[in-house]
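A short write-up of the structure that comes next.
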Protein chains: 2
Amino acid sequence: MSEYPSQILEQAVNQMASLPGVGRRTALRLVLHLLRQSDGDVQAFANAFVRLKSDVLYCRECHNISDTELCPICASVRRDHATICVVENVQDVMSIENTGQYNGVYHVLGGIISPMEGVGPKDIEIDSLMERIAGGEIKEIILALPTTMEGDTTNFYIYRRIRNLESGHPEAAQLKISQIARGVAVGNQLEYTDEITLGRSIVNRTEFKG
Amino acid sequence: MSEYPSQILEQAVNQMASLPGVGRRTALRLVLHLLRQSDGDVQAFANAFVRLKSDVLYCRECHNISDTELCPICASVRRDHATICVVENVQDVMSIENTGQYNGVYHVLGGIISPMEGVGPKDIEIDSLMERIAGGEIKEIILALPTTMEGDTTNFYIYRRIRNLESGHPEAAQLKISQIARGVAVGNQLEYTDEITLGRSIVNRTEFKG
């Protein structure tokens with residue numbers, strides 16, 4: 001006999017446990033919680049994911065998840081369309097939007113280059129980024145990728161691709177390429193900051209404006 | 001504008017975050033994971049819960065979740081049907097079965113008496129337990145409820161109900177009422193107790209003195 005008293009229950013637990021970071025015991029607890037909800041609530045729970053999968057769109061400009069062909073940020077006339085912030089994923093757009101410090105538009109790569117995970121430049125939205133740049137009107141590209149080896153690799157790859165673009169598109173030479181500041185996080189003690197971050201924060205020190 | 005770039009995404013996150021212990025950031029991560037799966041996989045994920053809710057049965061004897069009217073444990077001729085282990089929920093049956101120390105049958109209350117949470121004796125399967133006992137042939141009731149105040153309250157309530165049964169059913173006076181040994185640390189849930197402790201607590205069960 002299986003560990004579970006019911007195959008239907010076991011299948012539901014298997015599905016829940018297929019989510020990353022959800023163990024079998026947690027999955028069972030979540031499934032039994034669902035079982036205590038009304039038929040309508042369980043149906044709404046299930047439908048939300050099927051609907052997301054079937055109906056979701058990706059913005060044709062920035063490739064962010066969107067309900068419309070052009071996402072609200074790309075469609076907004078109040079955003080600076082000459083500045084593109086390149087991020088790994090949807091969560092990063094939300095995080096930067098939450099800071100209230102950015103008024104440009106985005107480009108969501110949908111991943112970063114990772115030879116270890118078999119993700120190459122063709123697997124993420126780099127060609128479409130080059131098309132946007134070749135289309136002209138872009139003044140600055142802000143690289144806001146993770147400060148990891150994969151992030152650095154992707155930054156460098158994009159940098160080279162843009163510089164290669166210059167032969168056919170002389171205006172690309174005017175393009176400013178920047179990356180988000182790396183340094184000691186606000187509120188952190190120096191003694192608990194790793195040596196590489198601390199070292200770079202000294203080398204890349206900025207002018208103090210009192 | 002909402003925090004989310006898409007209402008469909010937001011609705012999916014809302015549903016995922018309705019699960020207990022799942023915060024909004026985790027919910028977003030899980031939903032975006034689902035979005036990367038195939039249409040068929042997302043459909044299977046959703047269907048599992050709808051099917052569970054619509055098709056699951058509860059054993060007519062012990063009220064455990066079951067695919068059949070009578071669960072495999074209650075249907076087994078190799079189990080001791082004169083011994084009933086009273087537990088709070090499905091997880092507890094699975095935990096006790098995993099110890100391999102118990103050969104009787106179960107009675108799943110589906111909760112415990114909790115005045116704080118508004119759960120009274122009528123809200124859980126106590127009447128049906130009394131019917132099983134009044135039906136005769138039962139020699140022992142093992143109370144295997146959490147070692148919490150609510151568990152103690154429920155133990156005592158069941159004890160009194162059984163003793164009250166004696167007037168109409170003289171054979172109920174012969175009924176042994178035991179409880180799992182207090183090897184289980186006070187305040188702990190059964191499902192989080194290690195198998196050796198839980199197994200011993202069944203073997204070393206003691207008579208319930210009301």
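Identifiers for the structure tokens are assigned positionally: chains receive A, B, ... in sequence, residues are indexed from 1 per chain, and ligands are indexed from 1 in the order shown.
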
Would you give me, as a JSON list (two decimals) with C-alpha atoms, in the first residue's frame, the residues of chain B that come within 7 Å of chain A, using only C-alpha atoms?
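Printed below is part_20.json as written:
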```
[["chain", "number", "residue", "atom", "x", "y", "z"],
["B", 3, "GLU", "CA", 2.67, 46.41, -8.51],
["B", 4, "TYR", "CA", 2.32, 43.58, -11.07],
["B", 5, "PRO", "CA", 2.82, 44.14, -14.81],
["B", 6, "SER", "CA", -0.21, 41.94, -15.58],
["B", 7, "GLN", "CA", -3.58, 41.37, -13.89],
["B", 8, "ILE", "CA", -3.61, 37.73, -14.93],
["B", 9, "LEU", "CA", -0.24, 37.33, -13.25],
["B", 11, "GLN", "CA", -4.53, 36.90, -9.90],
["B", 12, "ALA", "CA", -2.35, 33.79, -10.13],
["B", 15, "GLN", "CA", -4.26, 32.43, -5.52],
["B", 19, "LEU", "CA", -1.99, 28.93, 0.59],
["B", 20, "PRO", "CA", -0.95, 28.96, 4.26],
["B", 30, "LEU", "CA", 6.20, 29.66, -7.83],
["B", 35, "LEU", "CA", 4.66, 29.72, -16.40],
["B", 39, "ASP", "CA", 0.70, 23.80, -21.25],
["B", 42, "VAL", "CA", 0.18, 23.41, -16.01],
["B", 43, "GLN", "CA", -3.12, 21.75, -16.91],
["B", 45, "PHE", "CA", -1.07, 20.76, -12.02],
["B", 46, "ALA", "CA", -4.44, 22.52, -11.94],
["B", 47, "ASN", "CA", -6.50, 19.40, -12.61],
["B", 48, "ALA", "CA", -4.98, 17.50, -9.71],
["B", 49, "PHE", "CA", -6.59, 19.82, -7.17],
["B", 50, "VAL", "CA", -9.94, 20.10, -8.91],
["B", 52, "LEU", "CA", -9.11, 15.85, -5.58],
["B", 53, "LYS", "CA", -11.85, 18.22, -4.45],
["B", 56, "VAL", "CA", -12.16, 12.34, -3.08],
["B", 65, "ILE", "CA", -9.52, 10.27, 2.97],
["B", 66, "SER", "CA", -10.03, 7.34, 0.61],
["B", 67, "ASP", "CA", -10.58, 6.46, -3.06],
["B", 94, "MET", "CA", 0.02, 8.35, 7.80]]
```

- Item | Who sits within 7 Å of region 111-126 of chain A, only C-alpha atoms, same chain under 6 positions skipped, as a list in words | Glu88, Asn89, Glu150, Gly151, Thr153 and Thr154 of chain A

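DSSP on the backbone gives strand (DSSP E or B) for these parts of chain A: Leu57, Tyr58, Ile65, Ser66, Asp80, His81, Ala82, Thr83, Ile84, Cys85, Val86, Val87, Gly104, Val105, Tyr106, His107, Val108, Ser114, Val119, Glu140, Ile141, Ile142, Leu143, Lys176, Ile177, Ser178 and Gln179 of chain A.
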
- Message: Give me the residues near Asp194 (chain B) as number ranges by chain, where near means some atom within 10 Å (using only C-alpha atoms) and where sequence neighbours in that chain fewer than 5 positions away do not count.
- Response: B: 95, 99, 184, 199

Can those selected residues be exported to a file as a PDB file, in the first residue's frame so that it contains N, CA and C atoms?
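Contents of out_3.pdb, as written:
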```pdb
ATOM      1  N   SER B  95       1.350   9.128   9.679  1.00  0.00           N
ATOM      2  CA  SER B  95       2.502   9.087  10.584  1.00  0.00           C
ATOM      3  C   SER B  95       2.511   7.792  11.392  1.00  0.00           C
ATOM      4  N   THR B  99       5.130   4.163  11.327  1.00  0.00           N
ATOM      5  CA  THR B  99       5.901   3.543  12.426  1.00  0.00           C
ATOM      6  C   THR B  99       5.885   2.021  12.322  1.00  0.00           C
ATOM      7  N   VAL B 184       5.740  11.759  23.550  1.00  0.00           N
ATOM      8  CA  VAL B 184       5.658  12.861  22.598  1.00  0.00           C
ATOM      9  C   VAL B 184       5.779  14.154  23.390  1.00  0.00           C
ATOM     10  N   GLY B 199       6.298   5.630  17.559  1.00  0.00           N
ATOM     11  CA  GLY B 199       6.044   4.189  17.645  1.00  0.00           C
ATOM     12  C   GLY B 199       5.990   3.720  19.096  1.00  0.00           C
TER      13      GLY B 199
END
```

- Message: Give me the residues near region 130-132 of chain B as a PyMOL selection string, where near means some atom within 9 Å (using only C-alpha atoms) and where sequence neighbours in that chain fewer than 6 positions away do not count.
- Response: chain B and resi 61+138+158+161-162+165

Those selected residues, please, written with C-alpha atoms and delivered as a PDB file, in the first residue's frame.
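Saved result, selection_1.pdb, follows:
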```pdb
ATOM      1  CA  GLU B  61     -16.079   3.823   8.891  1.00  0.00           C
ATOM      2  CA  ILE B 138     -14.724  -2.711  20.154  1.00  0.00           C
ATOM      3  CA  ILE B 158     -14.417  11.443  24.446  1.00  0.00           C
ATOM      4  CA  ARG B 161     -18.965  10.326  26.323  1.00  0.00           C
ATOM      5  CA  ILE B 162     -17.839   6.695  26.371  1.00  0.00           C
ATOM      6  CA  LEU B 165     -22.580   5.285  27.010  1.00  0.00           C
TER       7      LEU B 165
END
```

- Item | Ser201 (chain B) environment, 7 Å, only C-alpha atoms, sequence neighbours closer than 2 positions dropped, as a ChimeraX atom specification | /B:180-184,197-199,203-205

Could you dump the residues just selected with N, CA and C atoms as a CSV table (one decimal), in the first residue's frame?
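Here's the written file selection18.csv:
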```csv
chain,number,residue,atom,x,y,z
B,180,ILE,N,-1.9,7.5,23.9
B,180,ILE,CA,-0.5,7.3,23.6
B,180,ILE,C,0.4,7.8,24.7
B,181,ALA,N,1.5,7.1,24.9
B,181,ALA,CA,2.4,7.5,26.0
B,181,ALA,C,2.9,8.9,25.7
B,182,ARG,N,3.1,9.6,26.9
B,182,ARG,CA,3.6,10.9,26.8
B,182,ARG,C,5.1,11.0,26.5
B,183,GLY,N,5.5,10.2,25.5
B,183,GLY,CA,6.9,10.3,25.1
B,183,GLY,C,6.9,11.4,24.0
B,184,VAL,N,5.7,11.8,23.5
B,184,VAL,CA,5.7,12.9,22.6
B,184,VAL,C,5.8,14.2,23.4
B,197,THR,N,10.0,7.7,18.5
B,197,THR,CA,9.2,8.2,19.6
B,197,THR,C,7.7,7.9,19.4
B,198,LEU,N,7.2,8.2,18.2
B,198,LEU,CA,5.8,8.0,17.9
B,198,LEU,C,5.4,6.5,18.1
B,199,GLY,N,6.3,5.6,17.6
B,199,GLY,CA,6.0,4.2,17.6
B,199,GLY,C,6.0,3.7,19.1
B,203,VAL,N,3.1,1.8,21.5
B,203,VAL,CA,3.4,0.5,22.3
B,203,VAL,C,3.2,0.8,23.8
B,204,ASN,N,3.6,1.9,24.3
B,204,ASN,CA,3.6,2.2,25.7
B,204,ASN,C,2.4,3.0,26.1
B,205,ARG,N,1.3,2.9,25.4
B,205,ARG,CA,0.1,3.6,25.7
B,205,ARG,C,-0.4,3.3,27.1
```

- Item | alpha helix (DSSP H) residues, from DSSP on the backbone, in region 13-149 of chain A, as a PyMOL selection string | chain A and resi 13-17+24-35+39-55+72-75+90-99+127-134+149

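With CA of Phe156 (chain A) on one side and CA of Ala82 (chain A) on the other, the separation reads 21.1 Å.
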
- Message: For Gly104 (chain B), find every residue with an atom within 8 Å (counting only C-alpha atoms), except residues of its own chain fewer than 5 positions away, and show them as a list in words.
- Response: Arg79, Asp80, His81, Ala82, Thr83, Ile84 and Cys85 of chain B

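Using only C-alpha atoms, the nearest neighbour of Val86 (chain A) within the list A:Leu143, A:Leu190, A:Leu70, A:Ala27 is A:Leu143.
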
- Rounded to one decimal in Å, what is the spacing between CA of Ala173 (chain A) and CA of Gln101 (chain A)? 26.6 Å
